[in-house]
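Asks: mmCIF, C-alpha atoms, saved as query_8.cif, coming up:
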data_input
#
loop_
_atom_site.label_atom_id
_atom_site.label_comp_id
_atom_site.auth_asym_id
_atom_site.auth_seq_id
_atom_site.Cartn_x
_atom_site.Cartn_y
_atom_site.Cartn_z
CA MET I 1 25.82 1.40 13.92
CA THR I 2 26.68 3.83 11.14
CA GLY I 3 25.10 3.86 7.71
CA ARG I 4 21.80 2.57 9.10
CA THR I 5 19.73 5.73 9.47
CA LEU I 6 16.93 6.29 6.99
CA ALA I 7 18.61 9.47 5.78
CA GLU I 8 21.89 7.65 5.14
CA LEU I 9 20.02 4.92 3.25
CA GLY I 10 17.96 7.37 1.19
CA LEU I 11 14.72 6.16 2.81
CA ALA I 12 13.76 9.12 4.98
CA ASP I 13 11.35 10.98 2.68
CA ALA I 14 7.64 10.20 2.93
CA PRO I 15 5.12 10.51 0.07
CA ARG I 16 2.79 12.32 2.47
CA ASP I 17 5.25 15.22 2.30
CA HIS I 18 6.38 14.70 -1.29
CA PRO I 19 3.38 13.24 -3.19
CA LEU I 20 5.11 12.99 -6.56
CA THR I 21 7.56 10.50 -5.00
CA TYR I 22 4.73 8.02 -4.26
CA PRO I 23 5.03 5.12 -3.41
CA GLY I 24 8.26 6.36 -1.86
CA ALA I 25 11.67 4.74 -1.62
CA TRP I 26 11.63 1.06 -0.65
CA PRO I 27 14.54 -0.77 0.99
CA THR I 28 16.70 -2.92 -1.24
CA ASP I 29 16.44 -5.84 1.18
CA SER I 30 14.69 -7.07 4.30
CA GLY I 31 15.28 -5.19 7.52
CA LEU I 32 13.91 -4.05 10.87
CA LEU I 33 12.53 -0.51 10.91
CA HIS I 34 13.27 0.80 14.38
CA GLY I 35 12.65 4.50 14.75
CA ASP I 36 14.99 6.29 12.38
CA ARG I 37 17.08 3.23 11.54
CA MET I 38 16.92 0.10 9.41
CA LEU I 39 18.57 -2.77 11.25
CA PRO I 40 19.32 -6.37 10.22
CA LEU I 41 16.56 -8.93 10.75
CA GLU I 42 17.13 -11.82 13.11
CA ARG I 43 14.31 -13.93 11.66
CA LEU I 44 11.72 -13.88 8.86
CA VAL I 45 8.56 -15.01 10.70
CA TYR I 46 7.03 -13.41 13.81
CA ASP I 47 4.43 -15.60 15.46
CA ASP I 48 3.26 -12.78 17.75
CA ARG I 49 2.55 -10.47 14.81
CA VAL I 50 0.46 -10.53 11.62
CA PRO I 51 1.80 -10.38 8.05
CA VAL I 52 0.57 -7.54 5.85
CA LEU I 53 1.44 -7.19 2.17
CA ALA I 54 2.59 -3.67 1.33
CA VAL I 55 1.86 -2.72 -2.29
CA GLY I 56 2.31 1.04 -1.96
CA SER I 57 3.69 3.50 0.56
CA ASN I 58 3.40 1.06 3.47
CA ALA I 59 6.64 -0.38 2.11
CA CYS I 60 8.29 3.05 2.41
CA PRO I 61 10.12 3.30 5.77
CA GLY I 62 9.76 7.09 5.81
CA GLN I 63 5.97 6.79 5.51
CA LEU I 64 5.75 3.94 8.02
CA ARG I 65 7.90 5.82 10.52
CA TYR I 66 5.58 8.82 10.30
CA LYS I 67 2.42 6.76 10.77
CA MET I 68 3.80 5.04 13.86
CA ALA I 69 5.33 8.16 15.41
CA GLU I 70 2.10 10.10 14.88
CA SER I 71 0.35 7.55 17.13
CA GLY I 72 3.15 7.45 19.68
CA ILE I 73 4.29 3.94 18.73
CA GLY I 74 8.00 3.24 18.93
CA SER I 75 8.03 -0.55 18.54
CA PRO I 76 10.00 -1.89 15.56
CA VAL I 77 8.44 -3.09 12.29
CA PRO I 78 10.00 -6.13 10.56
CA MET I 79 9.99 -5.75 6.76
CA VAL I 80 10.60 -8.93 4.74
CA ARG I 81 11.20 -8.76 1.00
CA SER I 82 9.21 -11.68 -0.45
CA ARG I 83 8.24 -13.25 -3.78
CA VAL I 84 4.48 -12.84 -4.26
CA SER I 85 2.52 -14.69 -6.95
CA GLY I 86 -1.13 -14.24 -7.93
CA LEU I 87 -1.25 -10.52 -7.19
CA GLY I 88 -0.56 -7.40 -9.24
CA VAL I 89 -0.38 -3.73 -8.28
CA GLY I 90 -3.26 -1.70 -9.66
CA VAL I 91 -4.39 1.92 -9.34
CA SER I 92 -6.82 2.90 -6.59
CA ALA I 93 -10.02 4.50 -7.87
CA HIS I 94 -9.80 7.41 -5.45
CA VAL I 95 -7.82 10.61 -5.07
CA SER I 96 -5.92 10.76 -1.80
CA ARG I 97 -6.06 13.87 0.35
CA LEU I 98 -2.28 13.61 0.46
CA GLY I 99 -2.16 14.56 -3.21
CA TYR I 100 -1.58 11.32 -5.06
CA VAL I 101 -3.42 8.37 -6.61
CA SER I 102 -2.33 5.33 -4.67
CA ALA I 103 -1.71 1.67 -5.45
CA SER I 104 -4.10 -1.18 -4.70
CA PRO I 105 -3.74 -4.96 -5.06
CA VAL I 106 -5.45 -6.68 -7.99
CA LYS I 107 -5.96 -10.37 -8.63
CA SER I 108 -3.49 -11.61 -11.24
CA PRO I 109 -3.04 -15.41 -11.24
CA ARG I 110 -0.07 -15.46 -13.64
CA GLU I 111 1.85 -12.55 -12.14
CA SER I 112 4.85 -12.76 -9.81
CA ARG I 113 6.73 -9.88 -8.22
CA GLU I 114 8.73 -8.90 -5.17
CA LEU I 115 6.85 -7.08 -2.42
CA PHE I 116 7.40 -6.43 1.25
CA VAL I 117 5.60 -8.26 4.01
CA ILE I 118 5.46 -6.06 7.10
CA TRP I 119 4.86 -7.88 10.38
CA LEU I 120 2.63 -5.81 12.68
CA ASP I 121 1.68 -6.16 16.31
CA ARG I 122 -1.85 -5.38 17.41
CA ARG I 123 -1.34 -1.64 18.02
CA GLN I 124 0.59 -1.19 14.78
CA LEU I 125 -2.16 -2.95 12.83
CA GLU I 126 -4.74 -0.61 14.34
CA VAL I 127 -2.64 2.37 13.21
CA ILE I 128 -2.38 1.10 9.63
CA ASP I 129 -6.10 0.27 9.56
CA ALA I 130 -6.93 3.81 10.66
CA SER I 131 -4.58 5.28 8.05
CA GLU I 132 -6.41 3.49 5.21
CA PRO I 133 -9.99 4.86 5.26
CA HIS I 134 -10.54 4.06 1.57
CA PHE I 135 -9.49 0.43 2.00
CA ARG I 136 -10.74 -2.74 3.63
CA ARG I 137 -8.23 -5.12 5.16
CA ALA I 138 -8.65 -8.58 3.60
CA TRP I 139 -7.03 -11.92 4.32
CA LEU I 140 -5.60 -13.31 1.07
CA PRO I 141 -5.03 -17.06 1.45
CA ALA I 142 -2.69 -19.41 -0.33
CA PRO I 143 -2.78 -20.81 -2.94
CA GLN I 144 -4.71 -17.91 -4.49
CA VAL I 145 -1.83 -15.67 -3.41
CA ARG I 146 1.51 -17.33 -2.75
CA ILE I 147 4.01 -15.54 -0.54
CA GLU I 148 7.48 -17.06 -0.54
CA LEU I 149 9.98 -15.79 2.01
CA PRO I 150 13.70 -15.41 1.26
CA ASP I 151 14.45 -18.81 2.83
CA GLY I 152 12.00 -20.56 0.47
CA CYS I 153 9.24 -21.10 3.03
CA ALA I 154 5.74 -19.91 2.16
CA LEU I 155 3.03 -18.33 4.27
CA THR I 156 -0.53 -19.61 4.32
CA GLY I 157 -1.65 -16.07 3.52
CA ALA I 158 -1.37 -12.42 4.51
CA TYR I 159 -3.51 -9.36 4.92
CA ALA I 160 -3.72 -6.71 2.20
CA TYR I 161 -5.72 -3.52 1.83
CA VAL I 162 -8.39 -3.71 -0.90
CA ASN I 163 -9.77 -0.41 -2.19
CA ARG I 164 -13.41 0.29 -1.29
CA HIS I 165 -13.92 2.20 -4.56
CA GLY I 166 -12.42 -0.44 -6.87
CA VAL I 167 -9.46 0.15 -9.15
CA LEU I 168 -8.95 2.01 -12.40
CA ARG I 169 -9.17 -0.04 -15.59
CA ASN I 170 -7.10 0.08 -18.75
CA GLY I 171 -8.38 0.33 -22.31
CA THR I 172 -9.43 -3.33 -22.38
CA GLY I 173 -11.44 -3.16 -19.17
CA ALA I 174 -8.85 -5.05 -17.11
CA PRO I 175 -7.30 -3.42 -14.05
CA ARG I 176 -4.74 -0.78 -14.95
CA ARG I 177 -1.27 -1.35 -13.53
CA HIS I 178 0.33 1.27 -11.32
CA PRO I 179 3.58 2.36 -13.00
CA GLY I 180 5.30 2.99 -9.68
CA ASP I 181 5.94 6.58 -10.77
CA GLN I 182 3.33 9.11 -9.70
CA ARG I 183 4.38 11.70 -12.24
CA ILE I 184 3.88 9.23 -15.11
CA LEU I 185 0.53 8.06 -13.74
CA LEU I 186 -0.89 11.55 -13.24
CA THR I 187 0.34 12.68 -16.65
CA GLU I 188 -1.50 9.76 -18.27
CA LEU I 189 -4.70 10.28 -16.27
CA LEU I 190 -4.83 14.02 -16.95
CA ALA I 191 -4.16 13.50 -20.66
CA GLY I 192 -7.13 11.13 -20.83
CA SER I 193 -9.79 13.39 -19.31
CA ALA I 194 -10.67 17.03 -19.91
CA ALA I 195 -12.98 16.86 -16.88
CA LEU I 196 -10.09 15.74 -14.66
CA ARG I 197 -7.94 18.59 -15.99
CA ALA I 198 -10.70 21.05 -15.20
CA LEU I 199 -10.61 19.91 -11.59
CA PHE I 200 -6.91 19.37 -10.99
CA GLY I 201 -5.00 21.32 -13.66
CA VAL I 202 -2.86 20.11 -16.51
CA THR I 203 0.35 19.01 -14.76
CA PRO I 204 1.14 16.50 -12.00
CA GLU I 205 2.39 19.36 -9.85
CA GLU I 206 -0.95 21.18 -10.16
CA PHE I 207 -2.83 17.95 -9.44
CA CYS I 208 -0.91 17.36 -6.21
CA ALA I 209 -1.17 20.96 -5.02
CA ARG I 210 -4.92 21.23 -5.63
CA ALA I 211 -5.68 17.83 -4.09
CA ARG I 212 -3.68 18.56 -0.93
CA ARG I 213 -5.48 21.79 -0.15
CA ASP I 214 -9.05 20.67 -0.90
CA PRO I 215 -10.49 17.39 0.48
CA GLY I 216 -13.78 18.15 -1.25
CA LEU I 217 -11.99 18.28 -4.59
CA CYS I 218 -10.47 14.86 -3.87
CA ALA I 219 -13.98 13.49 -3.30
CA ARG I 220 -15.15 15.04 -6.58
CA GLY I 221 -12.20 13.47 -8.39
CA THR I 222 -13.06 10.09 -6.90
CA ARG I 223 -16.66 10.42 -8.12
CA LEU I 224 -15.40 11.48 -11.54
CA PHE I 225 -13.46 8.24 -11.94
CA ALA I 226 -16.73 6.34 -11.53
CA GLU I 227 -18.75 8.73 -13.70
CA GLN I 228 -16.25 8.30 -16.54
CA LYS I 229 -16.62 4.52 -16.19
CA TRP I 230 -12.92 4.16 -15.49
CA VAL I 231 -13.50 1.83 -12.54
CA THR I 232 -13.50 -1.96 -12.30
CA GLU I 233 -13.16 -4.55 -9.56
CA SER I 234 -9.81 -5.66 -8.20
CA GLY I 235 -10.86 -9.32 -7.98
CA PHE I 236 -10.16 -9.38 -4.23
CA GLU I 237 -13.54 -7.97 -3.14
CA PRO I 238 -14.85 -11.38 -1.97
CA TYR I 239 -11.94 -11.65 0.46
CA ALA I 240 -12.70 -8.22 1.92
CA ASP I 241 -16.44 -8.74 2.37
CA GLY I 242 -17.28 -8.74 6.06
CA GLN I 243 -13.71 -7.93 7.10
CA GLN I 244 -13.68 -5.38 9.88
CA THR I 245 -11.16 -2.55 9.90
CA GLY I 246 -10.00 -0.28 12.67
CA SER I 247 -9.39 -3.20 15.03
CA PRO I 248 -7.64 -6.50 14.32
CA GLY I 249 -9.59 -9.69 14.62
CA THR I 250 -8.87 -12.45 17.07
CA GLY I 251 -8.07 -16.11 16.90
CA SER I 252 -5.58 -18.33 15.16
CA SER I 253 -6.27 -16.83 11.72
CA LEU I 254 -4.24 -13.79 12.75
CA PHE I 255 -1.13 -15.91 13.06
CA PRO I 256 -0.73 -18.05 9.93
CA PRO I 257 1.78 -20.88 10.13
CA LEU I 258 4.31 -21.76 7.47
CA ARG I 259 3.41 -24.54 5.10
#
Represent the structure contained in this file as structure tokens.
Replies:
Amino acid sequence: MTGRTLAELGLADAPRDHPLTYPGAWPTDSGLLHGDRMLPLERLVYDDRVPVLAVGSNACPGQLRYKMAESGIGSPVPMVRSRVSGLGVGVSAHVSRLGYVSASPVKSPRESRELFVIWLDRRQLEVIDASEPHFRRAWLPAPQVRIELPDGCALTGAYAYVNRHGVLRNGTGAPRRHPGDQRILLTELLAGSAALRALFGVTPEEFCARARRDPGLCARGTRLFAEQKWVTESGFEPYADGQQTGSPGTGSSLFPPLR
């Protein structure tokens, strides 16, 4: 097949290498990520896998490819573009060692948007768990979060990664929305805090460069968010309480049926 490689589709770059591109390029439609290619999907539901909502770079094939290849996993990852209601995309209250401030789900009953559901087997789920040390994997059930597939069927729920540190708030105290553009986000955050500028510089480029070369600085930036009282809850903390990460659970709850 021609025209199916990530490079040909403009999906090859990963935010881990280019932090100002976070959350990275997402596909325009559902597909099967298989190595360096995006292939057509044969179905929308995978009973032998678990559904995970991707709100940030986990919906970027270039980033996903890197995570899987780094762990020696070559199995394909189905990516289904879905209509998700009851969930918004907020800003994680931590500075990533990769040089960006990532996205995190927030509870938003009246909101509806398109996000990708990635269907992961057990080994793939372990890889994604391990790649998200600042997050807890939480099962978000319907009807609190409704996930409608392209054929109109809805899942009974899906996993999502809830930030351990909370999310950044806006001027009213509600969760701040991630603009989907890292340069815009960092410009706004730096403009709002002299202390943050003292740590990370005055431009997004300086922020990324300093964060990437100094994990201790990232930790200081994360603490600064809390010290400045910029942090609030996402609303999904109750769903993450008691949820183990690093190893998927067992039982029928891993494999939600359609309803």
Asks: Please write as a ChimeraX atom specification the full residue list that the PyMOL selection byres ((chain I and resi 28) around 12) yields on this file.
Replies: /I:9-11,25-27,29-31,38,59-61,79-82,114-116
Asks: Quick one: of I:Cys208, I:Val95, I:Val145, I:Ala160, who's nearest to Arg83 in chain I, counting all atoms listed in the file?
Replies: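 The answer is I:Val145, which sits nearest to Arg83 in chain I.
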Asks: Which protein, DNA or RNA residues have an atom at most 12 Å from (-6.2, -7.3, 3.0), counting all atoms listed in the file? List them as a PyMOL selection string.
Replies: chain I and resi 50-55+87+104-106+117+125+128-129+132+135-141+145+157-164+234+236-245+248+254
Asks: Would you mind exporting the chosen residues as a PDB file, keeping the file's coordinate frame, restricted to C-alpha atoms?
Replies:
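Result saved to out_21.pdb:
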ATOM      1  CA  VAL I  50       0.460 -10.530  11.620  1.00  0.00           C
ATOM      2  CA  PRO I  51       1.800 -10.380   8.050  1.00  0.00           C
ATOM      3  CA  VAL I  52       0.570  -7.540   5.850  1.00  0.00           C
ATOM      4  CA  LEU I  53       1.440  -7.190   2.170  1.00  0.00           C
ATOM      5  CA  ALA I  54       2.590  -3.670   1.330  1.00  0.00           C
ATOM      6  CA  VAL I  55       1.860  -2.720  -2.290  1.00  0.00           C
ATOM      7  CA  LEU I  87      -1.250 -10.520  -7.190  1.00  0.00           C
ATOM      8  CA  SER I 104      -4.100  -1.180  -4.700  1.00  0.00           C
ATOM      9  CA  PRO I 105      -3.740  -4.960  -5.060  1.00  0.00           C
ATOM     10  CA  VAL I 106      -5.450  -6.680  -7.990  1.00  0.00           C
ATOM     11  CA  VAL I 117       5.600  -8.260   4.010  1.00  0.00           C
ATOM     12  CA  LEU I 125      -2.160  -2.950  12.830  1.00  0.00           C
ATOM     13  CA  ILE I 128      -2.380   1.100   9.630  1.00  0.00           C
ATOM     14  CA  ASP I 129      -6.100   0.270   9.560  1.00  0.00           C
ATOM     15  CA  GLU I 132      -6.410   3.490   5.210  1.00  0.00           C
ATOM     16  CA  PHE I 135      -9.490   0.430   2.000  1.00  0.00           C
ATOM     17  CA  ARG I 136     -10.740  -2.740   3.630  1.00  0.00           C
ATOM     18  CA  ARG I 137      -8.230  -5.120   5.160  1.00  0.00           C
ATOM     19  CA  ALA I 138      -8.650  -8.580   3.600  1.00  0.00           C
ATOM     20  CA  TRP I 139      -7.030 -11.920   4.320  1.00  0.00           C
ATOM     21  CA  LEU I 140      -5.600 -13.310   1.070  1.00  0.00           C
ATOM     22  CA  PRO I 141      -5.030 -17.060   1.450  1.00  0.00           C
ATOM     23  CA  VAL I 145      -1.830 -15.670  -3.410  1.00  0.00           C
ATOM     24  CA  GLY I 157      -1.650 -16.070   3.520  1.00  0.00           C
ATOM     25  CA  ALA I 158      -1.370 -12.420   4.510  1.00  0.00           C
ATOM     26  CA  TYR I 159      -3.510  -9.360   4.920  1.00  0.00           C
ATOM     27  CA  ALA I 160      -3.720  -6.710   2.200  1.00  0.00           C
ATOM     28  CA  TYR I 161      -5.720  -3.520   1.830  1.00  0.00           C
ATOM     29  CA  VAL I 162      -8.390  -3.710  -0.900  1.00  0.00           C
ATOM     30  CA  ASN I 163      -9.770  -0.410  -2.190  1.00  0.00           C
ATOM     31  CA  ARG I 164     -13.410   0.290  -1.290  1.00  0.00           C
ATOM     32  CA  SER I 234      -9.810  -5.660  -8.200  1.00  0.00           C
ATOM     33  CA  PHE I 236     -10.160  -9.380  -4.230  1.00  0.00           C
ATOM     34  CA  GLU I 237     -13.540  -7.970  -3.140  1.00  0.00           C
ATOM     35  CA  PRO I 238     -14.850 -11.380  -1.970  1.00  0.00           C
ATOM     36  CA  TYR I 239     -11.940 -11.650   0.460  1.00  0.00           C
ATOM     37  CA  ALA I 240     -12.700  -8.220   1.920  1.00  0.00           C
ATOM     38  CA  ASP I 241     -16.440  -8.740   2.370  1.00  0.00           C
ATOM     39  CA  GLY I 242     -17.280  -8.740   6.060  1.00  0.00           C
ATOM     40  CA  GLN I 243     -13.710  -7.930   7.100  1.00  0.00           C
ATOM     41  CA  GLN I 244     -13.680  -5.380   9.880  1.00  0.00           C
ATOM     42  CA  THR I 245     -11.160  -2.550   9.900  1.00  0.00           C
ATOM     43  CA  PRO I 248      -7.640  -6.500  14.320  1.00  0.00           C
ATOM     44  CA  LEU I 254      -4.240 -13.790  12.750  1.00  0.00           C
TER      45      LEU I 254
END
Asks: I'd like to know which of I:Gly88, I:Pro204, I:Pro15, I:Pro150 is closest to Ser108 in chain I, using all atoms listed in the file.
Replies: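 The shortest atom-to-atom distance to Ser108 in chain I comes from I:Gly88.
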Asks: Nearest to Arg43 in chain I among I:Glu206, I:Asp151, I:Glu233, I:Glu227, with distances taken over all atoms listed in the file: which residue is it?
Replies: I:Asp151
Asks: Can you list what the PyMOL selection byres ((chain I and resi 174) around 10) grabs from this structure, as a ChimeraX atom specification?
Replies: /I:90,106,167-173,175-177,231-234
Asks: Select, from I:Cys153, I:Ala93, I:Leu98, I:Leu33, the residue with the minimum atom-to-atom distance to Leu64 in chain I, counting all atoms listed in the file.
Replies: I:Leu33
Asks: Restricting the calculation to only C-alpha atoms, which member of I:Ala130, I:Val101, I:Val77, I:Ala142 is positioned closest to Leu186 in chain I?
Replies: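 Comparing I:Ala130, I:Val101, I:Val77, I:Ala142 against Leu186 in chain I, the winner is I:Val101.
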Asks: Residues near Arg220 in chain I, anyone? I mean within 9 Å using only C-alpha atoms, not counting same-chain ones fewer than 5 positions away, as a list in words.
Replies: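 What passes the distance filter is Val95, Leu199, Pro215 and Phe225 of chain I.
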Asks: Counting only C-alpha atoms, which of I:Leu120, I:Ala209, I:Leu189, I:Val45 gets nearest to His18 in chain I?
Replies: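 Residue with the minimum atom-to-atom distance to His18 in chain I: I:Ala209.
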Asks: Give as a PyMOL selection string every residue, naming chains and numbers as the document does, that has an atom within 9 Å of (18.9, 7.9, 11.5), counting all atoms listed in the file.
Replies: chain I and resi 2-9+12+35-38
Asks: For Ala195 in chain I, find every residue with an atom within 10 Å (counting all atoms listed in the file), except residues of its own chain fewer than 4 positions away, and show them as a VMD selection string.
Replies: chain I and resid 190 199 to 201 221 224 to 225 228
Asks: What is the CA of Trp119 in chain I-CA of Arg16 in chain I distance in Å, reported with one decimal?
Replies: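 These two atoms are separated by 21.8 Å.
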Asks: Could you please determine the separation between CA of Cys218 in chain I and CA of Tyr66 in chain I in Å, to one decimal place?
Replies: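 Separating CA of Cys218 in chain I from CA of Tyr66 in chain I is a distance of 22.2 Å.
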Asks: Starting from 3 Å padding per side, set up an axis-aligned box that covers all listed atoms of range 17-36 of chain I and hand over centre and edge lengths in Å, one decimal, as AutoDock Vina command-line options.
Replies:
--center_x 10.0 --center_y 4.1 --center_z 4.1 --size_x 19.3 --size_y 28.3 --size_z 27.3
Asks: Could you rebuild range 165-195 of chain I with N, CA and C atoms and give me the result as a tab-separated table (two decimals), in the coordinates of the input?
Replies:
chain	number	residue	atom	x	y	z
I	165	HIS	N	-13.36	1.60	-3.35
I	165	HIS	CA	-13.92	2.20	-4.56
I	165	HIS	C	-13.64	1.38	-5.82
I	166	GLY	N	-12.87	0.30	-5.70
I	166	GLY	CA	-12.42	-0.44	-6.87
I	166	GLY	C	-11.09	0.10	-7.36
I	167	VAL	N	-10.73	-0.28	-8.56
I	167	VAL	CA	-9.46	0.15	-9.15
I	167	VAL	C	-9.73	0.70	-10.55
I	168	LEU	N	-8.80	1.48	-11.05
I	168	LEU	CA	-8.95	2.01	-12.40
I	168	LEU	C	-8.67	0.91	-13.42
I	169	ARG	N	-9.35	0.97	-14.55
I	169	ARG	CA	-9.17	-0.04	-15.59
I	169	ARG	C	-8.36	0.54	-16.75
I	170	ASN	N	-7.81	-0.35	-17.54
I	170	ASN	CA	-7.10	0.08	-18.75
I	170	ASN	C	-8.06	0.08	-19.93
I	171	GLY	N	-7.53	0.23	-21.13
I	171	GLY	CA	-8.38	0.33	-22.31
I	171	GLY	C	-9.15	-0.93	-22.64
I	172	THR	N	-8.74	-2.07	-22.11
I	172	THR	CA	-9.43	-3.33	-22.38
I	172	THR	C	-10.46	-3.68	-21.32
I	173	GLY	N	-10.52	-2.88	-20.26
I	173	GLY	CA	-11.44	-3.16	-19.17
I	173	GLY	C	-10.80	-3.89	-18.01
I	174	ALA	N	-9.58	-4.39	-18.19
I	174	ALA	CA	-8.85	-5.05	-17.11
I	174	ALA	C	-8.25	-4.00	-16.18
I	175	PRO	N	-7.91	-4.38	-14.95
I	175	PRO	CA	-7.30	-3.42	-14.05
I	175	PRO	C	-6.01	-2.80	-14.63
I	176	ARG	N	-5.93	-1.51	-14.52
I	176	ARG	CA	-4.74	-0.78	-14.95
I	176	ARG	C	-3.62	-1.04	-13.95
I	177	ARG	N	-2.40	-1.14	-14.42
I	177	ARG	CA	-1.27	-1.35	-13.53
I	177	ARG	C	-0.68	-0.01	-13.09
I	178	HIS	N	-0.32	0.07	-11.82
I	178	HIS	CA	0.33	1.27	-11.32
I	178	HIS	C	1.77	1.27	-11.81
I	179	PRO	N	2.22	2.36	-12.45
I	179	PRO	CA	3.58	2.36	-13.00
I	179	PRO	C	4.67	2.51	-11.95
I	180	GLY	N	4.29	2.79	-10.70
I	180	GLY	CA	5.30	2.99	-9.68
I	180	GLY	C	5.94	4.36	-9.73
I	181	ASP	N	5.44	5.22	-10.61
I	181	ASP	CA	5.94	6.58	-10.77
I	181	ASP	C	4.72	7.50	-10.83
I	182	GLN	N	4.53	8.30	-9.79
I	182	GLN	CA	3.33	9.11	-9.70
I	182	GLN	C	3.26	10.15	-10.81
I	183	ARG	N	4.38	10.70	-11.19
I	183	ARG	CA	4.38	11.70	-12.24
I	183	ARG	C	3.87	11.10	-13.56
I	184	ILE	N	4.34	9.90	-13.89
I	184	ILE	CA	3.88	9.23	-15.11
I	184	ILE	C	2.39	8.95	-15.03
I	185	LEU	N	1.95	8.41	-13.89
I	185	LEU	CA	0.53	8.06	-13.74
I	185	LEU	C	-0.36	9.29	-13.88
I	186	LEU	N	-0.05	10.36	-13.18
I	186	LEU	CA	-0.89	11.55	-13.24
I	186	LEU	C	-0.88	12.18	-14.62
I	187	THR	N	0.27	12.16	-15.29
I	187	THR	CA	0.34	12.68	-16.65
I	187	THR	C	-0.61	11.92	-17.56
I	188	GLU	N	-0.62	10.59	-17.43
I	188	GLU	CA	-1.50	9.76	-18.27
I	188	GLU	C	-2.97	10.01	-17.94
I	189	LEU	N	-3.31	10.08	-16.65
I	189	LEU	CA	-4.70	10.28	-16.27
I	189	LEU	C	-5.21	11.65	-16.72
I	190	LEU	N	-4.41	12.67	-16.54
I	190	LEU	CA	-4.83	14.02	-16.95
I	190	LEU	C	-4.97	14.12	-18.46
I	191	ALA	N	-4.08	13.46	-19.19
I	191	ALA	CA	-4.16	13.50	-20.66
I	191	ALA	C	-5.43	12.82	-21.16
I	192	GLY	N	-5.97	11.90	-20.38
I	192	GLY	CA	-7.13	11.13	-20.83
I	192	GLY	C	-8.47	11.72	-20.46
I	193	SER	N	-8.51	12.87	-19.77
I	193	SER	CA	-9.79	13.39	-19.31
I	193	SER	C	-9.76	14.91	-19.19
I	194	ALA	N	-10.53	15.58	-20.02
I	194	ALA	CA	-10.67	17.03	-19.91
I	194	ALA	C	-11.35	17.41	-18.59
I	195	ALA	N	-12.29	16.58	-18.14
I	195	ALA	CA	-12.98	16.86	-16.88
I	195	ALA	C	-12.02	16.79	-15.70
